[in-house]
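> Handing over upload-v9.pdb, PDB, C-alpha atoms.
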```
ATOM      1  CA  MET F 978    -182.937 -92.037 134.825
ATOM      2  CA  MET F 979    -179.578 -92.782 136.375
ATOM      3  CA  GLY F 980    -177.912 -95.634 134.559
ATOM      4  CA  GLU F 981    -180.293 -95.306 131.604
ATOM      5  CA  ARG F 982    -178.590 -95.798 128.257
ATOM      6  CA  GLN F 983    -179.486 -93.759 125.188
ATOM      7  CA  SER F 984    -180.055 -97.000 123.306
ATOM      8  CA  ASP F 985    -182.818 -97.993 125.760
ATOM      9  CA  SER F 986    -186.404 -97.546 124.610
ATOM     10  CA  ALA F 987    -187.303 -94.742 127.062
ATOM     11  CA  PRO F 988    -184.806 -92.191 125.658
ATOM     12  CA  GLY F 989    -185.942 -93.163 122.172
ATOM     13  CA  LYS F 990    -189.566 -92.526 123.083
ATOM     14  CA  ARG F 991    -188.653 -89.156 124.587
ATOM     15  CA  ALA F 992    -186.654 -88.216 121.487
ATOM     16  CA  ARG F 993    -189.557 -89.244 119.276
ATOM     17  CA  LEU F 994    -191.948 -87.167 121.414
ATOM     18  CA  ARG F 995    -189.675 -84.110 121.201
ATOM     19  CA  ALA F 996    -189.423 -84.562 117.438
ATOM     20  CA  MET F 997    -193.208 -84.831 117.122
ATOM     21  CA  ILE F 998    -193.639 -81.651 119.196
ATOM     22  CA  ALA F 999    -191.103 -79.832 117.014
ATOM     23  CA  LEU F1000    -192.852 -81.019 113.840
ATOM     24  CA  ALA F1001    -196.237 -79.999 115.246
ATOM     25  CA  ALA F1002    -194.879 -76.540 116.106
ATOM     26  CA  PHE F1003    -193.396 -76.285 112.611
ATOM     27  CA  ALA F1004    -196.726 -77.302 111.057
ATOM     28  CA  ALA F1005    -198.652 -74.890 113.307
ATOM     29  CA  LEU F1006    -196.364 -72.048 112.235
ATOM     30  CA  LEU F1007    -196.992 -72.919 108.591
ATOM     31  CA  VAL F1008    -200.758 -73.023 109.153
ATOM     32  CA  VAL F1009    -200.680 -69.605 110.846
ATOM     33  CA  LEU F1010    -198.503 -68.165 108.075
ATOM     34  CA  PHE F1011    -200.694 -69.465 105.261
ATOM     35  CA  ALA F1012    -203.895 -68.502 107.083
ATOM     36  CA  THR F1013    -202.761 -64.927 107.791
ATOM     37  CA  ARG F1014    -200.761 -64.506 104.558
ATOM     38  CA  PRO F1015    -198.420 -61.803 105.853
ATOM     39  CA  ASP F1016    -196.713 -59.522 103.333
ATOM     40  CA  ASP F1017    -193.433 -61.294 104.011
ATOM     41  CA  LEU F1018    -194.860 -64.829 103.581
ATOM     42  CA  TYR F1019    -192.274 -65.586 100.902
ATOM     43  CA  LEU F1020    -189.435 -64.805 103.313
ATOM     44  CA  TRP F1021    -190.981 -66.982 106.037
ATOM     45  CA  VAL F1022    -191.444 -69.919 103.671
ATOM     46  CA  LYS F1023    -187.934 -69.458 102.310
ATOM     47  CA  ALA F1024    -186.471 -69.383 105.848
ATOM     48  CA  LEU F1025    -188.373 -72.524 106.858
ATOM     49  CA  HIS F1026    -187.308 -74.233 103.623
ATOM     50  CA  ILE F1027    -183.660 -73.424 104.362
ATOM     51  CA  ILE F1028    -184.009 -74.754 107.928
ATOM     52  CA  ALA F1029    -185.494 -78.009 106.599
ATOM     53  CA  VAL F1030    -182.780 -78.341 103.951
ATOM     54  CA  ILE F1031    -180.031 -77.810 106.544
ATOM     55  CA  SER F1032    -181.601 -80.523 108.720
ATOM     56  CA  TRP F1033    -181.900 -82.888 105.763
ATOM     57  CA  MET F1034    -178.317 -82.275 104.685
ATOM     58  CA  ALA F1035    -176.997 -82.781 108.218
ATOM     59  CA  ALA F1036    -178.689 -86.181 108.312
ATOM     60  CA  LEU F1037    -177.507 -87.114 104.801
ATOM     61  CA  LEU F1038    -173.941 -86.232 105.751
ATOM     62  CA  TYR F1039    -174.027 -88.041 109.098
ATOM     63  CA  MET F1040    -175.735 -91.266 108.014
ATOM     64  CA  PRO F1041    -172.882 -92.650 105.876
ATOM     65  CA  ARG F1042    -170.463 -91.881 108.742
ATOM     66  CA  LEU F1043    -172.579 -94.150 110.920
ATOM     67  CA  PHE F1044    -172.472 -96.793 108.170
ATOM     68  CA  ILE F1045    -168.663 -96.564 108.022
ATOM     69  CA  TYR F1046    -168.363 -97.278 111.738
ATOM     70  CA  HIS F1047    -171.156 -99.858 111.624
ATOM     71  CA  THR F1048    -169.304-101.908 109.001
ATOM     72  CA  ASP F1049    -166.435-102.294 111.493
ATOM     73  CA  ALA F1050    -168.722-103.516 114.299
ATOM     74  CA  PRO F1051    -169.125-107.293 114.576
ATOM     75  CA  ARG F1052    -172.654-108.438 113.724
ATOM     76  CA  GLY F1053    -174.797-108.879 116.799
ATOM     77  CA  SER F1054    -172.349-107.011 119.022
ATOM     78  CA  PRO F1055    -173.621-104.337 121.425
ATOM     79  CA  GLN F1056    -171.844-101.755 119.254
ATOM     80  CA  SER F1057    -173.644-102.972 116.127
ATOM     81  CA  GLU F1058    -176.992-102.921 117.910
ATOM     82  CA  THR F1059    -176.333 -99.354 119.074
ATOM     83  CA  PHE F1060    -175.539 -98.277 115.498
ATOM     84  CA  LYS F1061    -178.825 -99.828 114.342
ATOM     85  CA  ILE F1062    -180.726 -97.691 116.864
ATOM     86  CA  MET F1063    -178.797 -94.557 115.910
ATOM     87  CA  GLU F1064    -179.429 -95.124 112.193
ATOM     88  CA  GLN F1065    -183.148 -95.810 112.704
ATOM     89  CA  ARG F1066    -183.627 -92.718 114.863
ATOM     90  CA  LEU F1067    -181.690 -90.485 112.479
ATOM     91  CA  LEU F1068    -183.752 -91.751 109.542
ATOM     92  CA  LYS F1069    -187.182 -91.570 111.174
ATOM     93  CA  VAL F1070    -186.811 -88.553 113.452
ATOM     94  CA  ILE F1071    -184.702 -86.200 111.311
ATOM     95  CA  MET F1072    -183.981 -87.373 107.785
ATOM     96  CA  ASN F1073    -187.467 -88.351 106.574
ATOM     97  CA  PRO F1074    -189.359 -85.363 108.046
ATOM     98  CA  ALA F1075    -186.692 -82.903 106.897
ATOM     99  CA  MET F1076    -186.802 -84.280 103.355
ATOM    100  CA  MET F1077    -190.593 -84.091 103.184
ATOM    101  CA  ILE F1078    -190.654 -80.514 104.508
ATOM    102  CA  SER F1079    -187.829 -79.517 102.135
ATOM    103  CA  TRP F1080    -189.725 -80.907  99.161
ATOM    104  CA  GLY F1081    -193.079 -79.429 100.195
ATOM    105  CA  LEU F1082    -191.814 -75.919 100.823
ATOM    106  CA  GLY F1083    -189.420 -76.078  97.875
ATOM    107  CA  LEU F1084    -192.190 -77.025  95.457
ATOM    108  CA  TYR F1085    -194.364 -74.255  96.884
ATOM    109  CA  LEU F1086    -191.589 -71.721  96.247
ATOM    110  CA  ALA F1087    -190.881 -73.132  92.773
ATOM    111  CA  TRP F1088    -194.550 -72.799  91.854
ATOM    112  CA  ASP F1089    -195.572 -69.629  93.667
ATOM    113  CA  ILE F1090    -192.461 -67.547  93.023
ATOM    114  CA  TYR F1091    -190.997 -68.931  89.798
ATOM    115  CA  GLY F1092    -193.965 -70.662  88.152
ATOM    116  CA  PHE F1093    -191.612 -73.610  87.539
ATOM    117  CA  HIS F1094    -189.752 -71.473  84.970
ATOM    118  CA  GLY F1095    -186.000 -71.132  84.616
ATOM    119  CA  GLY F1096    -183.292 -73.478  83.460
ATOM    120  CA  TRP F1097    -181.508 -73.136  86.798
ATOM    121  CA  LEU F1098    -184.698 -74.247  88.590
ATOM    122  CA  HIS F1099    -185.094 -77.315  86.389
ATOM    123  CA  ALA F1100    -181.442 -78.243  86.974
ATOM    124  CA  LYS F1101    -181.885 -77.686  90.712
ATOM    125  CA  LEU F1102    -184.937 -79.955  90.762
ATOM    126  CA  LEU F1103    -182.937 -82.625  88.933
ATOM    127  CA  PHE F1104    -180.178 -82.452  91.563
ATOM    128  CA  VAL F1105    -182.737 -82.468  94.391
ATOM    129  CA  LEU F1106    -184.277 -85.567  92.806
ATOM    130  CA  LEU F1107    -180.812 -87.172  92.758
ATOM    131  CA  LEU F1108    -180.371 -86.169  96.416
ATOM    132  CA  THR F1109    -183.690 -87.873  97.134
ATOM    133  CA  LEU F1110    -182.431 -91.037  95.438
ATOM    134  CA  VAL F1111    -179.376 -90.912  97.722
ATOM    135  CA  HIS F1112    -181.816 -90.587 100.634
ATOM    136  CA  VAL F1113    -183.698 -93.682  99.438
ATOM    137  CA  HIS F1114    -180.403 -95.572  99.060
ATOM    138  CA  PHE F1115    -179.449 -94.654 102.636
ATOM    139  CA  SER F1116    -182.921 -95.677 103.853
ATOM    140  CA  ARG F1117    -182.519 -99.093 102.252
ATOM    141  CA  ALA F1118    -179.064 -99.390 103.799
ATOM    142  CA  VAL F1119    -180.547 -98.680 107.242
ATOM    143  CA  ALA F1120    -182.954-101.559 106.657
ATOM    144  CA  ALA F1121    -180.127-103.835 105.451
ATOM    145  CA  PHE F1122    -177.951-102.986 108.461
ATOM    146  CA  GLY F1123    -180.993-103.610 110.670
ATOM    147  CA  ARG F1124    -181.225-107.148 109.257
ATOM    148  CA  ASP F1125    -177.419-107.602 109.449
ATOM    149  CA  GLU F1126    -177.340-107.840 105.657
ATOM    150  CA  ASN F1127    -175.023-104.964 104.724
ATOM    151  CA  ARG F1128    -172.938-105.988 101.735
ATOM    152  CA  ARG F1129    -170.971-102.753 101.350
ATOM    153  CA  ASN F1130    -167.560-102.027 102.832
ATOM    154  CA  ALA F1131    -166.391 -98.907 104.666
ATOM    155  CA  ARG F1132    -164.651 -97.596 101.521
ATOM    156  CA  TYR F1133    -167.957 -97.617  99.631
ATOM    157  CA  TRP F1134    -169.652 -95.639 102.413
ATOM    158  CA  ARG F1135    -166.747 -93.161 102.468
ATOM    159  CA  LEU F1136    -167.343 -92.532  98.765
ATOM    160  CA  MET F1137    -171.109 -92.305  99.276
ATOM    161  CA  ASN F1138    -170.458 -89.726 101.988
ATOM    162  CA  GLU F1139    -169.241 -87.357  99.240
ATOM    163  CA  VAL F1140    -172.310 -87.621  97.004
ATOM    164  CA  PRO F1141    -174.664 -85.454  99.112
ATOM    165  CA  THR F1142    -171.898 -82.864  99.467
ATOM    166  CA  LEU F1143    -171.364 -82.596  95.713
ATOM    167  CA  LEU F1144    -175.092 -82.377  95.031
ATOM    168  CA  MET F1145    -175.491 -79.729  97.738
ATOM    169  CA  ILE F1146    -172.712 -77.615  96.196
ATOM    170  CA  LEU F1147    -174.361 -77.788  92.772
ATOM    171  CA  ILE F1148    -177.781 -76.955  94.199
ATOM    172  CA  VAL F1149    -176.522 -73.948  96.181
ATOM    173  CA  ILE F1150    -174.667 -72.567  93.164
ATOM    174  CA  LEU F1151    -177.777 -72.917  91.003
ATOM    175  CA  VAL F1152    -180.002 -71.221  93.585
ATOM    176  CA  VAL F1153    -177.665 -68.339  94.379
ATOM    177  CA  VAL F1154    -176.051 -67.654  90.975
ATOM    178  CA  LYS F1155    -178.944 -68.752  88.715
ATOM    179  CA  PRO F1156    -176.463 -69.184  85.842
ATOM    180  CA  PHE F1157    -179.123 -69.960  83.209
TER     181      PHE F1157
END
```
Spit out the file's structure as structure tokens when you get a sec.


Amino acid sequence: MMGERQSDSAPGKRARLRAMIALAAFAALLVVLFATRPDDLYLWVKALHIIAVISWMAALLYMPRLFIYHTDAPRGSPQSETFKIMEQRLLKVIMNPAMMISWGLGLYLAWDIYGFHGGWLHAKLLFVLLLTLVHVHFSRAVAAFGRDENRRNARYWRLMNEVPTLLMILIVILVVVKPF
């Protein structure tokens, strides 16, 4: 492993394997929880939902930072190629799974605990949908950067870096305060 670069395929395969093991462990825990239905199932699901949301948000906040630096890298340069790998891995290994788990557990909680009732819940779901659209936008940008077809400048990505933060603030306030 000496001299091996993180952008080589072997570290990527190992990272993918570790991510798959973590997802399998996460899924196994969910299966055990839903099969045994402990009295505190709600708290377990809520904790796992929060963990998934934190992972998703970390990726959504980091991805545009990568885009900012990627826009400064000359096309085809080793630096640009490294950013492509970083963006792909972040998207596939963290961002996509975290979003899917966040949605799945969040919808379970919305249905099982709240019966999809409450103005705050509807507003939260709207903001989570907007966050998902940001996710899709970032996913398309990863593909565009991968083809060397990014048409956005660093200033645009700096502004886009703020969107997930604002949506997160609104979502947290709705969930904690439940103002309506």

> Residues picked by the PyMOL selection byres ((chain F and resi 1111) around 10) here, as a list in words?

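This file gives the following for the PyMOL selection byres ((chain F and resi 1111) around 10): Leu1037, Val1105, Leu1106, Leu1107, Leu1108, Thr1109, Leu1110, His1112, Val1113, His1114, Phe1115, Ser1116, Arg1117, Met1137, Asn1138, Val1140, Pro1141 and Leu1144 of chain F.
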
> Calculated over only C-alpha atoms, which of the candidates F:Gly1083, F:Ala1050, F:Met1063, F:Leu1025 has the smallest distance to Leu1010 (chain F)?

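Selected residue with least distance to Leu1010 (chain F): F:Leu1025.
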
> I need the residue nearest Ile1027 (chain F) from this list: F:Pro988, F:Gly1123, F:Pro1055, F:Gly1081. Use all atoms listed in the file for the distance.

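Closest to Ile1027 (chain F) of all the choices is F:Gly1081.
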
> So the first atom is CA of Ala1131 (chain F) and the second is CA of Ile1045 (chain F); what is the distance between them in Å, to one decimal place?

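Separating CA of Ala1131 (chain F) from CA of Ile1045 (chain F) is a distance of 4.7 Å.
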
> Between F:Glu1126, F:Trp1033, F:Lys1155, F:Leu1007, which has the minimum distance to Gly1095 (chain F) (counting all atoms listed in the file)?

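Between F:Glu1126, F:Trp1033, F:Lys1155, F:Leu1007, the residue approaching Gly1095 (chain F) most closely is F:Lys1155.
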
> Can you list, as a VMD selection string, every protein, DNA or RNA residue that comes within 12 Å of Trp1021 (chain F) when you count all atoms listed in the file, leaving out same-chain residues fewer than 5 positions away?

chain F and resid 1003 1006 to 1011 1014 to 1016 1026 to 1028 1082 1086

> When distances are computed from all atoms listed in the file, which of F:Leu1018, F:Val1070, F:Pro1051, F:Val1030 shows the smallest separation from Met997 (chain F)?

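Going through F:Leu1018, F:Val1070, F:Pro1051, F:Val1030 one by one, the smallest distance to Met997 (chain F) is for F:Val1070.
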
> For Ile1146 (chain F), which residue out of F:Met1072, F:Met1034, F:Phe1060, F:Asn1127 is the nearest one, using only C-alpha atoms?

F:Met1034

> Which residues, written as a list in words, have at least one atom at most 12 Å from Lys1069 (chain F), with all atoms listed in the file counted and residues fewer than 3 positions away on the same chain left out?

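That gives Gly989, Ala992, Arg993, Ala996, Met997, Trp1033, Ala1036, Met1040, Ile1062, Met1063, Glu1064, Gln1065, Arg1066, Met1072, Asn1073, Pro1074, Ala1075, Met1076, Met1077, His1112, Phe1115, Ser1116, Val1119 and Ala1120 of chain F.
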
> Quick one: pull the distance between CA of Thr1048 (chain F) and CA of Asn1130 (chain F), Å, one decimal.

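Computing it gives 6.4 Å between the two atoms.
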
> Which value, in Å to one decimal, gives the distance between CA of Met1145 (chain F) and CA of Leu1098 (chain F)?

14.1 Å

> For Ala1100 (chain F), which of F:Leu1084, F:Leu1151, F:Ile1078, F:Ala1121 is the closest residue, counting only C-alpha atoms?

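For Ala1100 (chain F), the nearest of the candidates is F:Leu1151.
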
> Give the padded box for region 1141-1147 of chain F as AutoDock Vina command-line options: axis-aligned, covering all atoms listed in the file, 5 Å on each side, centre and edge lengths in Å to one decimal.


```
--center_x -173.4 --center_y -81.5 --center_z 96.1 --size_x 14.1 --size_y 17.8 --size_z 16.7
```
